[in-house]
Amino acid sequence: DTGAAGPRGVTEKDITLPVCQYLKQYLNLSGARVLLTRQDDKELSEDFDEDLRLRVDLIKRSRATLFLSIHGNSFPGPSEYGAQTFFGNNHGESKQLACCIQAELKKLEPLGENYREVQSDDFYVLRNSPVPAALVEVGFLSNPEEERLLADPSYQKQLAWHIFAGLV
């Protein structure tokens, strides 16, 4: 599943995996144990619902203490931009986790002030995670300027750093 795609053909899967890998490096350097749900360009299952269930099962089996889901956003019009963090009502600390990450992501202002706020949502992985969980939309692939930024490895590293700082 390539996920969202921008007007220049940059796909969500090609942005999120590098961001996660940079984030893993930062977390490992700080002494955290990190488990990625994917290491390369393949799904846990070709069936979408089963893929989500397998991700939640992995959280449970690994005895994780925190869960993050990293995505790229899209909107029918090209004007939307900015990273945004979501939380579910699965755990009392999920909202605080999302707020801390969003506060750090708002410090990135390559296209102007990021006016996006933390939101509660009923995403399957957030609802079913047994640990504090947040879903991070790193930006809008549908915005041509943000698509260009999201494809840049140096910007991907900045995104990962700000997510890391929010976690800390």
# chains A, B, ... in the order shown; residues from 1 in each chain; ligands from 1
call {"tool": "residues_around", "arguments": {"residues": "Glu109 of chain A", "least_positions_apart": "3", "cutoff": "12 Å", "atoms": "only C-alpha atoms", "output": "number ranges by chain"}}
result
A: 81-83, 103-106, 112-116, 139, 146, 149, 155, 158-159, 162
call {"tool": "residues_around", "arguments": {"residues": "segment 121-125 of chain A", "least_positions_apart": "4", "cutoff": "7 Å", "atoms": "only C-alpha atoms", "output": "ChimeraX atom specification"}}
result
/A:52,56,86-88,129
call {"tool": "write_last_selection", "arguments": {"atoms": "C-alpha atoms", "output": "short mmCIF file (atom, residue, chain, number, x, y, z; two decimals), in the first residue's frame"}}
result
data_model
loop_
_atom_site.label_atom_id
_atom_site.label_comp_id
_atom_site.auth_asym_id
_atom_site.auth_seq_id
_atom_site.Cartn_x
_atom_site.Cartn_y
_atom_site.Cartn_z
CA LEU A 52 -4.01 -3.35 11.51
CA VAL A 56 -1.83 -4.24 17.57
CA PHE A 86 -3.75 12.42 17.03
CA PHE A 87 -4.55 10.37 20.11
CA GLY A 88 -7.24 7.91 21.08
CA SER A 129 -3.28 -0.10 21.69
#
call {"tool": "residues_around", "arguments": {"residues": "Leu27 of chain A", "least_positions_apart": "6", "cutoff": "8 Å", "atoms": "only C-alpha atoms", "output": "PyMOL selection string"}}
result
chain A and resi 33-34+164
call {"tool": "select_by_dssp", "arguments": {"residues": "chain A", "states": "alpha helix (DSSP H)", "output": "PyMOL selection string"}}
result
chain A and resi 12-29+48-62+94-105+124-128+144-150+153-167
call {"tool": "select_by_dssp", "arguments": {"residues": "chain A", "states": "strand (DSSP E)", "output": "list in words"}}
result
Phe67, Leu68, Ser69, Ile70, His71, Gly72, Asn73, Gln84, Thr85, Phe86, Phe87, Gln119, Ser120, Ala133, Ala134, Leu135, Val136, Glu137, Val138, Gly139 and Phe140 of chain A
call {"tool": "write_last_selection", "arguments": {"atoms": "N, CA, C and O atoms", "output": "compact mmCIF listing (two decimals), in the first residue's frame"}}
result
# COMPACT_ATOMS: atom_id res chain seq x y z
N PHE A 67 3.42 3.44 21.77
CA PHE A 67 3.20 3.13 20.36
C PHE A 67 3.03 4.41 19.56
O PHE A 67 2.24 5.28 19.94
N LEU A 68 3.76 4.51 18.45
CA LEU A 68 3.61 5.62 17.51
C LEU A 68 3.28 5.07 16.14
O LEU A 68 3.87 4.07 15.72
N SER A 69 2.40 5.74 15.45
CA SER A 69 2.06 5.41 14.08
C SER A 69 2.36 6.65 13.24
O SER A 69 1.82 7.73 13.51
N ILE A 70 3.23 6.52 12.25
CA ILE A 70 3.69 7.67 11.46
C ILE A 70 3.07 7.59 10.06
O ILE A 70 3.14 6.55 9.40
N HIS A 71 2.49 8.71 9.61
CA HIS A 71 1.79 8.74 8.32
C HIS A 71 2.07 10.05 7.58
O HIS A 71 2.57 11.01 8.14
N GLY A 72 1.67 10.05 6.31
CA GLY A 72 1.66 11.25 5.50
C GLY A 72 0.22 11.59 5.17
O GLY A 72 -0.58 10.69 4.87
N ASN A 73 -0.13 12.84 5.22
CA ASN A 73 -1.51 13.28 5.05
C ASN A 73 -1.78 13.69 3.60
O ASN A 73 -0.86 13.93 2.83
N GLN A 84 0.50 17.05 12.15
CA GLN A 84 -0.56 17.01 13.15
C GLN A 84 -0.52 15.66 13.87
O GLN A 84 -0.30 14.63 13.25
N THR A 85 -0.79 15.71 15.16
CA THR A 85 -0.75 14.51 15.99
C THR A 85 -2.14 14.20 16.54
O THR A 85 -2.86 15.10 16.95
N PHE A 86 -2.46 12.91 16.55
CA PHE A 86 -3.75 12.42 17.03
C PHE A 86 -3.55 11.46 18.19
O PHE A 86 -2.51 10.82 18.30
N PHE A 87 -4.56 11.34 19.02
CA PHE A 87 -4.55 10.37 20.11
C PHE A 87 -5.93 9.74 20.21
O PHE A 87 -6.91 10.27 19.71
N GLN A 119 -5.61 16.34 18.03
CA GLN A 119 -7.02 15.93 17.96
C GLN A 119 -7.18 14.50 18.43
O GLN A 119 -6.30 13.66 18.22
N SER A 120 -8.32 14.24 19.03
CA SER A 120 -8.71 12.88 19.38
C SER A 120 -9.35 12.26 18.14
O SER A 120 -10.07 12.94 17.40
N ALA A 133 -0.50 5.86 23.07
CA ALA A 133 -0.31 5.80 21.63
C ALA A 133 -0.64 7.14 20.99
O ALA A 133 -1.51 7.86 21.45
N ALA A 134 0.09 7.44 19.91
CA ALA A 134 -0.18 8.64 19.12
C ALA A 134 0.02 8.32 17.65
O ALA A 134 0.85 7.47 17.30
N LEU A 135 -0.73 9.00 16.81
CA LEU A 135 -0.59 8.89 15.37
C LEU A 135 -0.14 10.25 14.86
O LEU A 135 -0.77 11.26 15.15
N VAL A 136 0.99 10.26 14.14
CA VAL A 136 1.58 11.51 13.66
C VAL A 136 1.45 11.58 12.14
O VAL A 136 1.95 10.70 11.43
N GLU A 137 0.77 12.60 11.67
CA GLU A 137 0.72 12.92 10.24
C GLU A 137 1.82 13.95 10.02
O GLU A 137 1.73 15.08 10.51
N VAL A 138 2.90 13.57 9.32
CA VAL A 138 4.08 14.43 9.23
C VAL A 138 3.91 15.61 8.28
O VAL A 138 4.76 16.50 8.25
N GLY A 139 2.84 15.63 7.50
CA GLY A 139 2.61 16.74 6.58
C GLY A 139 1.70 16.29 5.45
O GLY A 139 1.32 15.12 5.37
N PHE A 140 1.38 17.23 4.57
CA PHE A 140 0.43 16.98 3.48
C PHE A 140 1.18 16.76 2.16
O PHE A 140 1.76 17.70 1.61
call {"tool": "closest_residue", "arguments": {"among": "A:Lys157, A:Arg8, A:Lys13, A:His91", "to": "Asn143 of chain A", "atoms": "only C-alpha atoms"}}
result
A:Arg8
call {"tool": "closest_residue", "arguments": {"among": "A:Val19, A:Ala5, A:Ile101, A:Leu141", "to": "Ala160 of chain A", "atoms": "only C-alpha atoms"}}
result
A:Val19
call {"tool": "decode", "arguments": {"residues": "segment 7-23 of chain A", "atoms": "N, CA, C and O atoms", "output": "PDB file, in the first residue's frame"}}
result
ATOM      1  N   PRO A   7       1.345  15.400  -5.910  1.00  0.00           N
ATOM      2  CA  PRO A   7       1.226  15.702  -7.344  1.00  0.00           C
ATOM      3  C   PRO A   7       2.481  15.325  -8.135  1.00  0.00           C
ATOM      4  O   PRO A   7       2.400  15.048  -9.328  1.00  0.00           O
ATOM      5  N   ARG A   8       3.631  15.290  -7.480  1.00  0.00           N
ATOM      6  CA  ARG A   8       4.886  14.902  -8.152  1.00  0.00           C
ATOM      7  C   ARG A   8       5.159  13.405  -8.032  1.00  0.00           C
ATOM      8  O   ARG A   8       6.213  12.941  -8.441  1.00  0.00           O
ATOM      9  N   GLY A   9       4.227  12.670  -7.392  1.00  0.00           N
ATOM     10  CA  GLY A   9       4.368  11.229  -7.292  1.00  0.00           C
ATOM     11  C   GLY A   9       5.093  10.722  -6.059  1.00  0.00           C
ATOM     12  O   GLY A   9       5.342   9.526  -5.933  1.00  0.00           O
ATOM     13  N   VAL A  10       5.427  11.604  -5.127  1.00  0.00           N
ATOM     14  CA  VAL A  10       6.035  11.163  -3.874  1.00  0.00           C
ATOM     15  C   VAL A  10       4.970  10.444  -3.075  1.00  0.00           C
ATOM     16  O   VAL A  10       3.858  10.948  -2.918  1.00  0.00           O
ATOM     17  N   THR A  11       5.291   9.240  -2.587  1.00  0.00           N
ATOM     18  CA  THR A  11       4.302   8.446  -1.870  1.00  0.00           C
ATOM     19  C   THR A  11       4.574   8.427  -0.363  1.00  0.00           C
ATOM     20  O   THR A  11       5.705   8.554   0.078  1.00  0.00           O
ATOM     21  N   GLU A  12       3.502   8.218   0.367  1.00  0.00           N
ATOM     22  CA  GLU A  12       3.560   8.170   1.826  1.00  0.00           C
ATOM     23  C   GLU A  12       4.565   7.131   2.314  1.00  0.00           C
ATOM     24  O   GLU A  12       5.359   7.394   3.207  1.00  0.00           O
ATOM     25  N   LYS A  13       4.554   5.951   1.717  1.00  0.00           N
ATOM     26  CA  LYS A  13       5.434   4.874   2.167  1.00  0.00           C
ATOM     27  C   LYS A  13       6.913   5.239   2.012  1.00  0.00           C
ATOM     28  O   LYS A  13       7.746   4.760   2.770  1.00  0.00           O
ATOM     29  N   ASP A  14       7.220   6.083   1.034  1.00  0.00           N
ATOM     30  CA  ASP A  14       8.615   6.464   0.807  1.00  0.00           C
ATOM     31  C   ASP A  14       9.089   7.562   1.748  1.00  0.00           C
ATOM     32  O   ASP A  14      10.285   7.855   1.816  1.00  0.00           O
ATOM     33  N   ILE A  15       8.172   8.164   2.479  1.00  0.00           N
ATOM     34  CA  ILE A  15       8.520   9.205   3.447  1.00  0.00           C
ATOM     35  C   ILE A  15       8.494   8.654   4.863  1.00  0.00           C
ATOM     36  O   ILE A  15       9.396   8.909   5.659  1.00  0.00           O
ATOM     37  N   THR A  16       7.479   7.887   5.164  1.00  0.00           N
ATOM     38  CA  THR A  16       7.299   7.462   6.552  1.00  0.00           C
ATOM     39  C   THR A  16       8.372   6.489   7.023  1.00  0.00           C
ATOM     40  O   THR A  16       8.817   6.585   8.170  1.00  0.00           O
ATOM     41  N   LEU A  17       8.787   5.552   6.186  1.00  0.00           N
ATOM     42  CA  LEU A  17       9.807   4.604   6.620  1.00  0.00           C
ATOM     43  C   LEU A  17      11.127   5.305   6.959  1.00  0.00           C
ATOM     44  O   LEU A  17      11.687   5.057   8.029  1.00  0.00           O
ATOM     45  N   PRO A  18      11.636   6.208   6.116  1.00  0.00           N
ATOM     46  CA  PRO A  18      12.864   6.913   6.510  1.00  0.00           C
ATOM     47  C   PRO A  18      12.700   7.734   7.794  1.00  0.00           C
ATOM     48  O   PRO A  18      13.609   7.750   8.635  1.00  0.00           O
ATOM     49  N   VAL A  19      11.560   8.405   7.956  1.00  0.00           N
ATOM     50  CA  VAL A  19      11.338   9.172   9.187  1.00  0.00           C
ATOM     51  C   VAL A  19      11.406   8.231  10.389  1.00  0.00           C
ATOM     52  O   VAL A  19      12.048   8.528  11.395  1.00  0.00           O
ATOM     53  N   CYS A  20      10.762   7.074  10.270  1.00  0.00           N
ATOM     54  CA  CYS A  20      10.785   6.094  11.369  1.00  0.00           C
ATOM     55  C   CYS A  20      12.193   5.566  11.627  1.00  0.00           C
ATOM     56  O   CYS A  20      12.587   5.365  12.784  1.00  0.00           O
ATOM     57  N   GLN A  21      12.948   5.360  10.578  1.00  0.00           N
ATOM     58  CA  GLN A  21      14.313   4.860  10.758  1.00  0.00           C
ATOM     59  C   GLN A  21      15.203   5.905  11.434  1.00  0.00           C
ATOM     60  O   GLN A  21      16.017   5.559  12.296  1.00  0.00           O
ATOM     61  N   TYR A  22      15.052   7.172  11.069  1.00  0.00           N
ATOM     62  CA  TYR A  22      15.801   8.236  11.759  1.00  0.00           C
ATOM     63  C   TYR A  22      15.377   8.323  13.224  1.00  0.00           C
ATOM     64  O   TYR A  22      16.212   8.446  14.120  1.00  0.00           O
ATOM     65  N   LEU A  23      14.069   8.252  13.458  1.00  0.00           N
ATOM     66  CA  LEU A  23      13.555   8.299  14.820  1.00  0.00           C
ATOM     67  C   LEU A  23      14.104   7.131  15.638  1.00  0.00           C
ATOM     68  O   LEU A  23      14.503   7.303  16.793  1.00  0.00           O
TER      69      LEU A  23
END
